[in-house]
Amino acid sequence: MTTAEPHPRPQPSASPRPLALITGVGRTIGIGAGIARQLAASGWDIAFTYWTPYDRRMTWGEEQGAPTTITESLTAHGARTAAIEADLVDPDAPSRIFDEAERRIGPVTALVLSHAESVDSGLLDTTVESFDRHFAVNARATWLLIREYGLRFRAAPGSGRIIALTSDHTVGNLPYGASKGALDRITLAASHELAHLGVTANVINPGPVDTGWMNDELSQILVRNTPLGRLGTPQDTAHLVDFLCSPQGQWVNGQLLKSNGGSA
């Protein structure tokens with residue numbers, strides 16, 4: 001006589017993936033897309049923002065189908081995704097972005113700020129309109145996104161992360177460099193003002209990363225000035241973001257980190 005096999009016990013469901021909200025993910029070769037792919041591979045769900053009209057007015061132009069291609073690369077790693085088009089000049093955009101991310105996936109655990117307005121101009125030829133746009137996108141939107149994150153944060157203390165990308169380039173790039181300097185201060189303030197949430201906040205300067213904006217002459221100059229003899233890649237930055245978002249990166253807080261190959 002044989003006995004029936006017992007019904008197998010149901011296996012516990014896997015822990016839900018935390019959600020990272022990443023801004024400025026508009027092109028497949030950009031730093032933001034590289035960060036998104038790395039975090040998806042490390043077990044994060046990904047909501048990301050992009051703004052196609054910005055790419056259209058830049059020298060590289062619009063990359064057709066980029067949000068869809070990026071989404072497919074993230075879902076290949078098992079990530080739930082939400083692609084959100086948003087103009088960060090609009091002061092209401094940050095709250096709408098969080099609303100959409102929460103509606104489609106859930107609460108945000110990590111906020112990665114890789115968006116930028118960047119149009120070259122110097123002290124004498126920067127227009128008031130351009131100056132104001134740079135500060136609206138690079139500084140004000142950073143503050144409003146961090147504020148929204150802090151007001152809504154519900155994850156376990158010690159798990160929250162804020163990471164912003166900056167630049168120290170100001171000569172001939174005044175509004176960009178000045179507004180990125182403001183971004184630094186806003187982000188680093190969060191490492192203290194959001195301490196009661198157990199959230200860390202850091203800034204990364206990724207150095208010279210060629211994502212299609214350099215000409216050959218500038219590229220050669222930057223390679224010569226970098227001890228490692230090459231330009232940075234989006235993956236270089238993504239590896240550092242991945243570490244900072246991991247449990248092993250929790251003790252790094254309130255820092256401006258240079259991940260630039262030692263470039264001068």
# chains A, B, ... in the order shown; residues from 1 in each chain; ligands from 1
>>> residues_around(residues="A:Phe48", least_positions_apart="3", cutoff="12 Å", atoms="only C-alpha atoms", output="PyMOL selection string")
chain A and resi 19-27+32-37+39-40+45+51+67-68+70-71+74+80-86+97-98+100-101+104-105+108+110-115
>>> write_last_selection(atoms="C-alpha atoms", output="CSV table (one decimal), in the first residue's frame")
chain,number,residue,atom,x,y,z
A,19,LEU,CA,12.2,51.2,-4.9
A,20,ALA,CA,14.7,53.7,-6.2
A,21,LEU,CA,13.5,56.9,-7.8
A,22,ILE,CA,16.1,58.1,-10.3
A,23,THR,CA,15.8,61.5,-12.1
A,24,GLY,CA,17.4,62.4,-15.4
A,25,VAL,CA,17.2,59.0,-17.1
A,26,GLY,CA,16.5,60.2,-20.7
A,27,ARG,CA,19.2,58.4,-22.8
A,32,GLY,CA,21.2,57.9,-15.0
A,33,ALA,CA,20.4,54.9,-17.2
A,34,GLY,CA,23.6,53.2,-16.1
A,35,ILE,CA,22.7,53.7,-12.4
A,36,ALA,CA,19.2,52.4,-13.1
A,37,ARG,CA,20.5,49.2,-14.7
A,39,LEU,CA,20.4,49.0,-9.2
A,40,ALA,CA,17.9,46.9,-11.0
A,45,ASP,CA,12.6,48.3,-8.5
A,51,TRP,CA,12.2,65.1,-20.1
A,67,PRO,CA,12.4,55.3,-22.2
A,68,THR,CA,11.1,52.1,-23.6
A,70,ILE,CA,15.7,51.6,-20.7
A,71,THR,CA,12.5,50.1,-19.2
A,74,LEU,CA,15.4,47.1,-16.2
A,80,ARG,CA,9.1,46.7,-11.7
A,81,THR,CA,9.4,50.0,-13.4
A,82,ALA,CA,7.7,53.4,-13.9
A,83,ALA,CA,8.9,55.8,-16.6
A,84,ILE,CA,7.7,59.3,-15.7
A,85,GLU,CA,8.1,62.3,-18.1
A,86,ALA,CA,8.4,65.5,-16.0
A,97,ILE,CA,6.5,62.3,-9.6
A,98,PHE,CA,6.2,60.8,-6.1
A,100,GLU,CA,3.0,58.4,-9.8
A,101,ALA,CA,5.9,56.3,-8.4
A,104,ARG,CA,2.5,52.4,-9.8
A,105,ILE,CA,5.1,50.7,-7.6
A,108,VAL,CA,10.5,55.3,-2.4
A,110,ALA,CA,16.3,55.6,-2.4
A,111,LEU,CA,16.3,58.9,-4.2
A,112,VAL,CA,19.1,59.3,-6.8
A,113,LEU,CA,19.3,62.8,-8.4
A,114,SER,CA,21.0,62.7,-11.8
A,115,HIS,CA,19.0,65.3,-13.6
>>> select_by_dssp(residues="stretch 109-233 of chain A", states="strand (DSSP E or B)", output="ChimeraX atom specification")
/A:110-113,121,161-165,173,200-205,209,232
>>> residues_around(residues="A:Thr166", least_positions_apart="5", cutoff="9 Å", atoms="only C-alpha atoms", output="PyMOL selection string")
chain A and resi 114+177+180-181+183-184+203-207+256
>>> residues_around(residues="A:Gly232", least_positions_apart="3", cutoff="8 Å", atoms="only C-alpha atoms", output="ChimeraX atom specification")
/A:206-210,236,260-261
>>> closest_residue(among="A:Gly106, A:Gly254, A:Pro234, A:Gly43", to="A:Thr75", atoms="only C-alpha atoms")
A:Gly43
>>> closest_residue(among="A:Gln64, A:Asn202, A:Ser95, A:Thr59", to="A:Leu188", atoms="only C-alpha atoms")
A:Asn202
>>> atom_distance(atom1="atom CA of A:Ala190", atom2="atom CA of A:Leu174")
24.9 Å
>>> decode(residues="stretch 85-190 of chain A", atoms="C-alpha atoms", output="PDB file, in the first residue's frame")
ATOM      1  CA  GLU A  85       8.118  62.284 -18.071  1.00  0.00           C
ATOM      2  CA  ALA A  86       8.402  65.468 -16.029  1.00  0.00           C
ATOM      3  CA  ASP A  87       9.643  69.024 -16.513  1.00  0.00           C
ATOM      4  CA  LEU A  88      11.523  69.875 -13.321  1.00  0.00           C
ATOM      5  CA  VAL A  89      11.194  73.594 -14.051  1.00  0.00           C
ATOM      6  CA  ASP A  90       7.639  73.140 -12.799  1.00  0.00           C
ATOM      7  CA  PRO A  91       7.642  73.410  -8.971  1.00  0.00           C
ATOM      8  CA  ASP A  92       4.676  71.016  -8.814  1.00  0.00           C
ATOM      9  CA  ALA A  93       6.528  68.277 -10.689  1.00  0.00           C
ATOM     10  CA  PRO A  94       8.244  66.654  -7.658  1.00  0.00           C
ATOM     11  CA  SER A  95       4.989  65.914  -5.839  1.00  0.00           C
ATOM     12  CA  ARG A  96       3.450  64.529  -9.035  1.00  0.00           C
ATOM     13  CA  ILE A  97       6.498  62.336  -9.620  1.00  0.00           C
ATOM     14  CA  PHE A  98       6.233  60.821  -6.139  1.00  0.00           C
ATOM     15  CA  ASP A  99       2.485  60.378  -6.547  1.00  0.00           C
ATOM     16  CA  GLU A 100       3.020  58.439  -9.774  1.00  0.00           C
ATOM     17  CA  ALA A 101       5.882  56.326  -8.413  1.00  0.00           C
ATOM     18  CA  GLU A 102       3.864  55.393  -5.333  1.00  0.00           C
ATOM     19  CA  ARG A 103       0.733  54.654  -7.356  1.00  0.00           C
ATOM     20  CA  ARG A 104       2.507  52.399  -9.827  1.00  0.00           C
ATOM     21  CA  ILE A 105       5.076  50.686  -7.576  1.00  0.00           C
ATOM     22  CA  GLY A 106       5.129  51.828  -3.944  1.00  0.00           C
ATOM     23  CA  PRO A 107       7.010  54.024  -1.470  1.00  0.00           C
ATOM     24  CA  VAL A 108      10.473  55.298  -2.385  1.00  0.00           C
ATOM     25  CA  THR A 109      13.460  54.031  -0.389  1.00  0.00           C
ATOM     26  CA  ALA A 110      16.322  55.598  -2.394  1.00  0.00           C
ATOM     27  CA  LEU A 111      16.318  58.925  -4.232  1.00  0.00           C
ATOM     28  CA  VAL A 112      19.061  59.347  -6.845  1.00  0.00           C
ATOM     29  CA  LEU A 113      19.273  62.809  -8.424  1.00  0.00           C
ATOM     30  CA  SER A 114      21.035  62.677 -11.787  1.00  0.00           C
ATOM     31  CA  HIS A 115      18.978  65.292 -13.634  1.00  0.00           C
ATOM     32  CA  ALA A 116      20.596  68.450 -14.955  1.00  0.00           C
ATOM     33  CA  GLU A 117      20.109  71.586 -16.983  1.00  0.00           C
ATOM     34  CA  SER A 118      23.482  72.259 -18.617  1.00  0.00           C
ATOM     35  CA  VAL A 119      24.008  74.934 -21.261  1.00  0.00           C
ATOM     36  CA  ASP A 120      27.482  76.429 -21.627  1.00  0.00           C
ATOM     37  CA  SER A 121      27.858  80.162 -20.970  1.00  0.00           C
ATOM     38  CA  GLY A 122      30.128  82.386 -18.918  1.00  0.00           C
ATOM     39  CA  LEU A 123      29.951  85.394 -16.629  1.00  0.00           C
ATOM     40  CA  LEU A 124      29.494  87.879 -19.445  1.00  0.00           C
ATOM     41  CA  ASP A 125      27.080  86.054 -21.739  1.00  0.00           C
ATOM     42  CA  THR A 126      24.752  84.093 -19.446  1.00  0.00           C
ATOM     43  CA  THR A 127      21.189  85.338 -19.773  1.00  0.00           C
ATOM     44  CA  VAL A 128      18.903  85.852 -16.795  1.00  0.00           C
ATOM     45  CA  GLU A 129      16.477  83.333 -18.316  1.00  0.00           C
ATOM     46  CA  SER A 130      19.171  80.657 -18.587  1.00  0.00           C
ATOM     47  CA  PHE A 131      20.490  81.378 -15.094  1.00  0.00           C
ATOM     48  CA  ASP A 132      17.011  81.043 -13.615  1.00  0.00           C
ATOM     49  CA  ARG A 133      16.295  77.829 -15.523  1.00  0.00           C
ATOM     50  CA  HIS A 134      19.520  76.240 -14.284  1.00  0.00           C
ATOM     51  CA  PHE A 135      18.694  77.069 -10.695  1.00  0.00           C
ATOM     52  CA  ALA A 136      15.096  75.933 -11.089  1.00  0.00           C
ATOM     53  CA  VAL A 137      16.164  72.499 -12.357  1.00  0.00           C
ATOM     54  CA  ASN A 138      19.482  71.863 -10.601  1.00  0.00           C
ATOM     55  CA  ALA A 139      18.846  73.519  -7.237  1.00  0.00           C
ATOM     56  CA  ARG A 140      15.155  74.183  -6.608  1.00  0.00           C
ATOM     57  CA  ALA A 141      13.947  70.854  -7.987  1.00  0.00           C
ATOM     58  CA  THR A 142      16.601  69.069  -5.929  1.00  0.00           C
ATOM     59  CA  TRP A 143      15.303  70.740  -2.773  1.00  0.00           C
ATOM     60  CA  LEU A 144      11.674  69.973  -3.627  1.00  0.00           C
ATOM     61  CA  LEU A 145      12.424  66.333  -4.479  1.00  0.00           C
ATOM     62  CA  ILE A 146      14.374  65.848  -1.252  1.00  0.00           C
ATOM     63  CA  ARG A 147      11.625  67.583   0.717  1.00  0.00           C
ATOM     64  CA  GLU A 148       8.986  65.331  -0.865  1.00  0.00           C
ATOM     65  CA  TYR A 149      11.116  62.292  -0.092  1.00  0.00           C
ATOM     66  CA  GLY A 150      11.531  63.315   3.543  1.00  0.00           C
ATOM     67  CA  LEU A 151       7.824  63.981   4.030  1.00  0.00           C
ATOM     68  CA  ARG A 152       6.838  60.611   2.561  1.00  0.00           C
ATOM     69  CA  PHE A 153       9.629  58.324   3.788  1.00  0.00           C
ATOM     70  CA  ARG A 154       8.222  55.188   5.426  1.00  0.00           C
ATOM     71  CA  ALA A 155      10.982  52.593   5.042  1.00  0.00           C
ATOM     72  CA  ALA A 156      12.938  51.091   7.921  1.00  0.00           C
ATOM     73  CA  PRO A 157      15.351  53.462   9.672  1.00  0.00           C
ATOM     74  CA  GLY A 158      18.798  53.029   8.212  1.00  0.00           C
ATOM     75  CA  SER A 159      17.589  51.946   4.774  1.00  0.00           C
ATOM     76  CA  GLY A 160      16.929  55.359   3.208  1.00  0.00           C
ATOM     77  CA  ARG A 161      19.380  56.864   0.733  1.00  0.00           C
ATOM     78  CA  ILE A 162      19.700  60.214  -1.040  1.00  0.00           C
ATOM     79  CA  ILE A 163      22.433  60.539  -3.651  1.00  0.00           C
ATOM     80  CA  ALA A 164      22.948  63.536  -5.933  1.00  0.00           C
ATOM     81  CA  LEU A 165      25.364  63.980  -8.832  1.00  0.00           C
ATOM     82  CA  THR A 166      27.318  67.203  -9.019  1.00  0.00           C
ATOM     83  CA  SER A 167      30.075  68.937 -10.963  1.00  0.00           C
ATOM     84  CA  ASP A 168      32.892  71.350 -10.137  1.00  0.00           C
ATOM     85  CA  HIS A 169      32.945  72.846 -13.638  1.00  0.00           C
ATOM     86  CA  THR A 170      32.180  76.563 -13.542  1.00  0.00           C
ATOM     87  CA  VAL A 171      34.548  78.350 -15.974  1.00  0.00           C
ATOM     88  CA  GLY A 172      32.585  78.932 -19.154  1.00  0.00           C
ATOM     89  CA  ASN A 173      29.744  76.986 -17.595  1.00  0.00           C
ATOM     90  CA  LEU A 174      28.652  79.452 -14.938  1.00  0.00           C
ATOM     91  CA  PRO A 175      24.938  78.737 -14.399  1.00  0.00           C
ATOM     92  CA  TYR A 176      25.479  74.979 -14.414  1.00  0.00           C
ATOM     93  CA  GLY A 177      28.409  75.032 -11.987  1.00  0.00           C
ATOM     94  CA  ALA A 178      26.831  77.572  -9.663  1.00  0.00           C
ATOM     95  CA  SER A 179      23.529  75.704  -9.490  1.00  0.00           C
ATOM     96  CA  LYS A 180      25.316  72.398  -8.913  1.00  0.00           C
ATOM     97  CA  GLY A 181      27.143  74.048  -6.018  1.00  0.00           C
ATOM     98  CA  ALA A 182      23.748  74.868  -4.530  1.00  0.00           C
ATOM     99  CA  LEU A 183      22.676  71.248  -5.111  1.00  0.00           C
ATOM    100  CA  ASP A 184      25.671  70.109  -3.038  1.00  0.00           C
ATOM    101  CA  ARG A 185      24.671  72.208  -0.036  1.00  0.00           C
ATOM    102  CA  ILE A 186      21.002  71.206  -0.211  1.00  0.00           C
ATOM    103  CA  THR A 187      21.820  67.505  -0.387  1.00  0.00           C
ATOM    104  CA  LEU A 188      24.402  67.576   2.386  1.00  0.00           C
ATOM    105  CA  ALA A 189      21.952  69.435   4.636  1.00  0.00           C
ATOM    106  CA  ALA A 190      19.650  66.434   4.321  1.00  0.00           C
TER     107      ALA A 190
END
